[in-house]
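Undergrad: Got a structure for you, questions after.
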Amino acid sequence: MKLLKRLVALGVTATMLVGSLSGCGGTKSSSGPITLTVFSQLANYSGEQVGWSSTILLDKFNVILNIVPDQNGAFDTRMEAGDLGDIVVLGSDTSFQRAEQAGLLFDWEEDDILSEYGPYIKENMSIALEKNRGMSSDNKIHGFGHNISESGSFDAFFYTWDIRWDLYSEIGKPEVNELEDLIPIFEEMKKVCPTDEAGNPTYAVYPWPDWDGNMVMYVKSTATSYYGYDEFGMGLYDPTDGSFYGALDDNSPYLRCLNFYNQLYQKGLVCPDSMTTEYTTMAEKVKKGGVFFSIFNYAGSDIFNTEEHLAGNQMMCSLVPSEASPIVYGQSALGGNRYWTIGAKSEYPELCMEIINYLCTPEGRMTMEYGPQGLCWDYDEDGNTYFTDFGRTAYTDKQNTQMPEPYTGSFQDGTLQINNTTWSIDAFNPDSNGERYNYKFWASEQGDARCDTEADWRAWSGCTSTDQYMISGNYTVSPSSEYVEADRSGDFDTTWTQVANCIVTNTWKAIYATSDDEYEKIVADMIKEANDLGYQQCVDWCIEQAAIRKAAEDAVSN
């Protein structure tokens, strides 16, 4: 078989071949599982994958996954070493281009492994594969982008402005028009709920730094959720007209949102651990009722709205300021800018392809989202999807739900730590009766309010679901297109990195300023330092790229 030729070429001895063939054609190895290095720029976890997903992957492919996140310059270090790993997940167009041009990504058509080991991908993701070919310098396929779906619609909202509705209702539901209207509301909520379930202080917000890039993620994302402007390079992009707003421009959306968080911090409403925390620590605080608000559903209602909290009439629901226009992303068969690839130096490209192919199948997509089929979810006789009683509890209280044998640990422990998607959660699941992968759209999930607090929110909003509420107000669709961010190389990339580091470092300092005067000085110093490092050069590049992106989006819509 072709794998045999490749292993021999790599110097793998014949005595090792029996063990090396595990995963191919679903065969098992008697000499122990293979450990694959999964380098993911999106991962928040380091080490061996554990829990129920590891059991499933071990059973199906006789494989152990060792997750390596992009921490402490890991991407550059691995690039310099010439080996990114086995399965490689890259978090941007630029990272993909750098890796591909350096020859560090496997050609998916070599020895026809895409056809033999990735048949579901080849048959169902052809448009995304061809997009990848078009952006590769060698005109070969090296992977595909994330969140693939049908064209012509848009994903479910995840910038949902989640707030502790029980507390908001208790203080009289003050009107929220502008972003800053939330500040006195949070102050009042703190008065009626000063401590969480563990007896520790409560806060309005709990940003986290794991996903900071060219800017501080939470500040940037607040601007995205308020203005409807998408993150773009060193600032924000308006998909309605192609305008670009530099992060440090006068009165920029980014600076307005930065000031908002500093005002909250000065009033004791930002968790003081934010700058040094991780997503998982933040999530635990939210789960214990220690955070009143999140711009993201996955850091708000998805964590807090457990059966226990609902039984106590405690719930996070959406409250969008009337002046806001949250962004929502258009679905596309092209895929996004977080790439599934295979390292060129991998000794097991066929096995890597088999695993990625599984993650793309309806079974794999559903299983890695909701847990083992039968135990956590299933289809009824009409093909409609439903949670089992255990599965509902597990999905709504991931960290506290222990998995039964043969699995170990909590549901959260077993969540696949690669942290990337294949199909969009809002794509249609072909194994179901026309339903989406997203449980919020399943027929089994439509019904009466789950508690008095939800009934109160429904009466206030006139809607029965979050997406219905979001669609009823202002929102901005960011359309998909074939735009790919241009490569930044050489001296300009060095300049870019220095400016980005300046913005991220000083943004956190500004959030933690203890007075308006201190805040204004930090921001002024940040702007001066960034300009000295070449900020305007970065902005000029972004403006040029924004025009290219807008043209690509217009080409799709025309």
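Residue numbering restarts at 1 in every chain; chains get A, B, ... in the order shown in the structure tokens, and ligands count up from 1 in that same order.
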Identify, on the basis of only C-alpha atoms, every residue whose closest approach to Pro194 (chain A) does not exceed 12 Å; exclude the query and any residue fewer than 4 positions from it along the same chain; express the result as a ChimeraX atom specification.
TA: /A:167,186-190,198-204,268-269,289-292
Undergrad: Can you write out the residues you just picked, keeping all heavy atoms, as a short mmCIF file (atom, residue, chain, number, x, y, z; two decimals), in the first residue's frame?
TA:
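To be explicit, this is the file written out as out-v2.cif:
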```cif
data_model
loop_
_atom_site.label_atom_id
_atom_site.label_comp_id
_atom_site.auth_asym_id
_atom_site.auth_seq_id
_atom_site.Cartn_x
_atom_site.Cartn_y
_atom_site.Cartn_z
N LEU A 167 -31.37 39.26 37.48
CA LEU A 167 -30.89 40.45 38.20
C LEU A 167 -31.33 41.73 37.49
O LEU A 167 -31.72 42.72 38.14
CB LEU A 167 -29.38 40.41 38.33
CG LEU A 167 -28.78 39.20 39.06
CD1 LEU A 167 -27.26 39.29 39.07
CD2 LEU A 167 -29.34 39.10 40.48
N PHE A 186 -24.92 47.72 35.57
CA PHE A 186 -24.04 46.76 36.23
C PHE A 186 -23.78 47.15 37.69
O PHE A 186 -23.66 46.28 38.56
CB PHE A 186 -22.71 46.66 35.48
CG PHE A 186 -22.82 46.05 34.11
CD1 PHE A 186 -21.94 46.43 33.10
CD2 PHE A 186 -23.78 45.10 33.82
CE1 PHE A 186 -22.01 45.86 31.83
CE2 PHE A 186 -23.86 44.53 32.56
CZ PHE A 186 -22.99 44.91 31.57
N GLU A 187 -23.69 48.45 37.95
CA GLU A 187 -23.50 48.89 39.32
C GLU A 187 -24.66 48.46 40.21
O GLU A 187 -24.47 47.99 41.35
CB GLU A 187 -23.34 50.41 39.38
CG GLU A 187 -22.03 50.93 38.80
CD GLU A 187 -21.90 52.44 38.95
OE1 GLU A 187 -22.54 53.17 38.17
OE2 GLU A 187 -21.18 52.87 39.87
N GLU A 188 -25.88 48.61 39.69
CA GLU A 188 -27.06 48.21 40.46
C GLU A 188 -27.12 46.69 40.62
O GLU A 188 -27.51 46.18 41.68
CB GLU A 188 -28.32 48.72 39.78
CG GLU A 188 -28.49 50.23 39.81
CD GLU A 188 -28.52 50.76 41.23
OE1 GLU A 188 -29.29 50.22 42.05
OE2 GLU A 188 -27.73 51.69 41.54
N MET A 189 -26.74 45.96 39.60
CA MET A 189 -26.74 44.50 39.69
C MET A 189 -25.74 44.03 40.75
O MET A 189 -25.99 43.06 41.48
CB MET A 189 -26.44 43.89 38.32
CG MET A 189 -27.55 44.12 37.30
SD MET A 189 -27.13 43.64 35.61
CE MET A 189 -27.16 41.86 35.73
N LYS A 190 -24.62 44.71 40.81
CA LYS A 190 -23.60 44.36 41.82
C LYS A 190 -24.15 44.58 43.24
O LYS A 190 -23.86 43.79 44.15
CB LYS A 190 -22.36 45.23 41.60
CG LYS A 190 -21.28 45.13 42.66
CD LYS A 190 -20.35 43.98 42.41
CE LYS A 190 -19.14 44.04 43.33
NZ LYS A 190 -18.19 42.95 43.10
N ALA A 198 -19.87 30.82 45.32
CA ALA A 198 -18.74 30.39 46.16
C ALA A 198 -18.39 31.42 47.22
O ALA A 198 -17.43 31.25 47.97
CB ALA A 198 -17.51 30.11 45.29
N GLY A 199 -19.17 32.52 47.28
CA GLY A 199 -18.92 33.56 48.26
C GLY A 199 -17.88 34.58 47.85
O GLY A 199 -17.48 35.43 48.64
N ASN A 200 -17.45 34.51 46.59
CA ASN A 200 -16.45 35.45 46.08
C ASN A 200 -17.12 36.64 45.39
O ASN A 200 -18.27 36.55 44.96
CB ASN A 200 -15.52 34.75 45.10
CG ASN A 200 -14.73 33.64 45.78
OD1 ASN A 200 -14.19 33.83 46.87
ND2 ASN A 200 -14.65 32.48 45.14
N PRO A 201 -16.41 37.77 45.23
CA PRO A 201 -17.01 38.96 44.63
C PRO A 201 -17.50 38.70 43.20
O PRO A 201 -16.89 37.93 42.45
CB PRO A 201 -15.87 39.98 44.64
CG PRO A 201 -14.95 39.52 45.72
CD PRO A 201 -15.03 38.03 45.70
N THR A 202 -18.61 39.33 42.84
CA THR A 202 -19.13 39.27 41.48
C THR A 202 -18.58 40.44 40.67
O THR A 202 -18.17 41.46 41.21
CB THR A 202 -20.66 39.33 41.47
OG1 THR A 202 -21.08 40.50 42.20
CG2 THR A 202 -21.26 38.09 42.08
N TYR A 203 -18.61 40.27 39.36
CA TYR A 203 -18.15 41.31 38.44
C TYR A 203 -19.11 41.36 37.25
O TYR A 203 -19.80 40.40 36.94
CB TYR A 203 -16.73 41.02 37.96
CG TYR A 203 -15.75 40.91 39.09
CD1 TYR A 203 -15.36 39.67 39.59
CD2 TYR A 203 -15.22 42.05 39.69
CE1 TYR A 203 -14.48 39.56 40.66
CE2 TYR A 203 -14.34 41.96 40.76
CZ TYR A 203 -13.98 40.71 41.24
OH TYR A 203 -13.12 40.61 42.31
N ALA A 204 -19.10 42.49 36.58
CA ALA A 204 -19.92 42.62 35.37
C ALA A 204 -19.34 41.78 34.24
O ALA A 204 -20.07 41.09 33.53
CB ALA A 204 -20.03 44.09 34.95
N GLY A 268 -14.92 48.73 39.89
CA GLY A 268 -14.82 47.40 40.47
C GLY A 268 -15.67 46.35 39.77
O GLY A 268 -16.06 45.35 40.38
N LEU A 269 -15.92 46.54 38.48
CA LEU A 269 -16.83 45.67 37.74
C LEU A 269 -16.13 44.79 36.71
O LEU A 269 -16.79 44.05 35.99
CB LEU A 269 -17.91 46.53 37.04
CG LEU A 269 -18.86 47.26 38.00
CD1 LEU A 269 -19.69 48.29 37.25
CD2 LEU A 269 -19.77 46.27 38.72
N GLY A 289 -21.98 31.96 38.79
CA GLY A 289 -22.77 33.17 38.94
C GLY A 289 -21.95 34.38 39.29
O GLY A 289 -22.49 35.37 39.82
N GLY A 290 -20.65 34.35 38.98
CA GLY A 290 -19.79 35.46 39.36
C GLY A 290 -19.64 36.54 38.31
O GLY A 290 -18.92 37.52 38.52
N VAL A 291 -20.31 36.39 37.15
CA VAL A 291 -20.20 37.35 36.05
C VAL A 291 -21.60 37.67 35.55
O VAL A 291 -22.39 36.76 35.28
CB VAL A 291 -19.33 36.79 34.91
CG1 VAL A 291 -19.15 37.82 33.81
CG2 VAL A 291 -17.96 36.35 35.44
N PHE A 292 -21.91 38.94 35.40
CA PHE A 292 -23.26 39.36 35.00
C PHE A 292 -23.48 39.41 33.50
O PHE A 292 -24.63 39.39 33.05
CB PHE A 292 -23.56 40.76 35.55
CG PHE A 292 -23.47 40.90 37.02
CD1 PHE A 292 -22.99 42.07 37.60
CD2 PHE A 292 -23.86 39.86 37.87
CE1 PHE A 292 -22.90 42.21 38.97
CE2 PHE A 292 -23.77 40.00 39.26
CZ PHE A 292 -23.29 41.17 39.80
#
```
Undergrad: Env of region 458-473 of chain A: 10 Å cut, atoms = only C-alpha atoms, seq-sep filter 4 positions within chain, self excluded. Answer as an NGL selection string.
TA: :A and (155-162 or 173 or 297 or 317-326 or 328 or 440-441 or 446-449 or 452-454)
Undergrad: Write down as JSON, numbers by chain the residues of region 196-349 of chain A whose backbone DSSP state falls under helix (DSSP H, G or I).
TA: {"A": [217, 218, 219, 220, 221, 222, 223, 224, 225, 226, 227, 253, 254, 255, 256, 257, 258, 259, 260, 261, 262, 263, 264, 265, 266, 274, 275, 276, 279, 280, 281, 282, 283, 284, 285, 286, 287, 301, 302, 303, 304, 307, 308, 309, 310, 311, 349]}
Undergrad: Report, in Å with one decimal, the straight-line distance from CA of Thr341 (chain A) to CA of Leu104 (chain A).
TA: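 Between CA of Thr341 (chain A) and CA of Leu104 (chain A) the gap works out to 9.9 Å.
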Undergrad: Determine which residues of region 72-286 of chain A DSSP labels as strand (DSSP E or B) from the backbone of this structure, then write them out as an MDAnalysis selection string.
TA: chainID A and resid 87:90 105 143:145 148 154 159:164 195 201 203 205 230:232 235:237 244:246 270
Undergrad: From the set A:Tyr358, A:Trp442, A:Tyr329, A:Phe387, which residue has the shortest atom-to-atom contact distance to Ser149 (chain A), counting only C-alpha atoms?
TA: A:Tyr329
Undergrad: Excluding Gly91 (chain A) and its own-chain neighbours fewer than 4 positions away, which residues fall within 10 Å of it when counting only C-alpha atoms? Please give them as a PDB file with N, CA, C and O atoms, in the first residue's frame.
TA:
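Done, and the output landed in out_30.pdb:
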```pdb
ATOM      1  N   SER A  40      -2.081  23.297  17.155  1.00  0.00           N
ATOM      2  CA  SER A  40      -3.249  24.134  16.869  1.00  0.00           C
ATOM      3  C   SER A  40      -3.036  25.541  17.399  1.00  0.00           C
ATOM      4  O   SER A  40      -2.861  25.738  18.606  1.00  0.00           O
ATOM      5  N   GLN A  41      -3.061  26.501  16.493  1.00  0.00           N
ATOM      6  CA  GLN A  41      -2.956  27.898  16.913  1.00  0.00           C
ATOM      7  C   GLN A  41      -4.198  28.355  17.670  1.00  0.00           C
ATOM      8  O   GLN A  41      -4.196  29.435  18.267  1.00  0.00           O
ATOM      9  N   LEU A  42      -5.254  27.557  17.650  1.00  0.00           N
ATOM     10  CA  LEU A  42      -6.511  27.924  18.306  1.00  0.00           C
ATOM     11  C   LEU A  42      -6.686  27.252  19.657  1.00  0.00           C
ATOM     12  O   LEU A  42      -7.632  27.565  20.389  1.00  0.00           O
ATOM     13  N   ALA A  43      -5.815  26.332  19.999  1.00  0.00           N
ATOM     14  CA  ALA A  43      -5.977  25.557  21.229  1.00  0.00           C
ATOM     15  C   ALA A  43      -5.673  26.401  22.459  1.00  0.00           C
ATOM     16  O   ALA A  43      -4.817  27.288  22.443  1.00  0.00           O
ATOM     17  N   ASP A  70      -0.314  27.290  20.398  1.00  0.00           N
ATOM     18  CA  ASP A  70       0.629  28.311  19.917  1.00  0.00           C
ATOM     19  C   ASP A  70       0.920  29.281  21.053  1.00  0.00           C
ATOM     20  O   ASP A  70       0.411  30.403  21.084  1.00  0.00           O
ATOM     21  N   SER A  95      -0.863  32.790   8.503  1.00  0.00           N
ATOM     22  CA  SER A  95      -0.158  31.620   9.029  1.00  0.00           C
ATOM     23  C   SER A  95      -0.154  30.487   8.013  1.00  0.00           C
ATOM     24  O   SER A  95       0.862  29.808   7.823  1.00  0.00           O
ATOM     25  N   PHE A  96      -1.306  30.277   7.352  1.00  0.00           N
ATOM     26  CA  PHE A  96      -1.361  29.237   6.330  1.00  0.00           C
ATOM     27  C   PHE A  96      -0.353  29.529   5.218  1.00  0.00           C
ATOM     28  O   PHE A  96       0.392  28.647   4.785  1.00  0.00           O
ATOM     29  N   GLY A 145     -10.556  25.471   4.898  1.00  0.00           N
ATOM     30  CA  GLY A 145     -10.910  26.389   5.971  1.00  0.00           C
ATOM     31  C   GLY A 145     -12.090  25.899   6.794  1.00  0.00           C
ATOM     32  O   GLY A 145     -12.853  25.030   6.372  1.00  0.00           O
ATOM     33  N   HIS A 146     -12.269  26.473   7.958  1.00  0.00           N
ATOM     34  CA  HIS A 146     -13.273  26.022   8.910  1.00  0.00           C
ATOM     35  C   HIS A 146     -14.677  26.530   8.571  1.00  0.00           C
ATOM     36  O   HIS A 146     -14.870  27.332   7.656  1.00  0.00           O
ATOM     37  N   GLY A 336     -13.768  29.161   6.125  1.00  0.00           N
ATOM     38  CA  GLY A 336     -13.222  30.369   6.719  1.00  0.00           C
ATOM     39  C   GLY A 336     -11.711  30.399   6.711  1.00  0.00           C
ATOM     40  O   GLY A 336     -11.052  29.743   5.900  1.00  0.00           O
ATOM     41  N   ASN A 337     -11.134  31.129   7.658  1.00  0.00           N
ATOM     42  CA  ASN A 337      -9.685  31.360   7.657  1.00  0.00           C
ATOM     43  C   ASN A 337      -8.976  30.671   8.818  1.00  0.00           C
ATOM     44  O   ASN A 337      -7.961  31.146   9.311  1.00  0.00           O
ATOM     45  N   ARG A 338      -9.528  29.543   9.269  1.00  0.00           N
ATOM     46  CA  ARG A 338      -8.857  28.695  10.253  1.00  0.00           C
ATOM     47  C   ARG A 338      -8.724  27.323   9.605  1.00  0.00           C
ATOM     48  O   ARG A 338      -9.718  26.653   9.366  1.00  0.00           O
ATOM     49  N   TYR A 339      -7.509  26.905   9.355  1.00  0.00           N
ATOM     50  CA  TYR A 339      -7.266  25.837   8.383  1.00  0.00           C
ATOM     51  C   TYR A 339      -6.904  24.495   9.019  1.00  0.00           C
ATOM     52  O   TYR A 339      -6.080  24.420   9.933  1.00  0.00           O
ATOM     53  N   TRP A 340      -7.539  23.456   8.486  1.00  0.00           N
ATOM     54  CA  TRP A 340      -7.158  22.082   8.773  1.00  0.00           C
ATOM     55  C   TRP A 340      -6.096  21.646   7.764  1.00  0.00           C
ATOM     56  O   TRP A 340      -6.348  21.661   6.555  1.00  0.00           O
ATOM     57  N   ASN A 420     -11.214  23.739  16.719  1.00  0.00           N
ATOM     58  CA  ASN A 420     -11.558  24.209  15.382  1.00  0.00           C
ATOM     59  C   ASN A 420     -12.754  23.410  14.889  1.00  0.00           C
ATOM     60  O   ASN A 420     -13.021  22.314  15.391  1.00  0.00           O
TER      61      ASN A 420
END
```
Undergrad: So, with only C-alpha atoms as the atoms that count, which of A:Thr415, A:Ala510, A:Glu130, A:Gly330 lies closest to Tyr265 (chain A)?
TA: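 Closest residue, counting only C-alpha atoms: A:Ala510.
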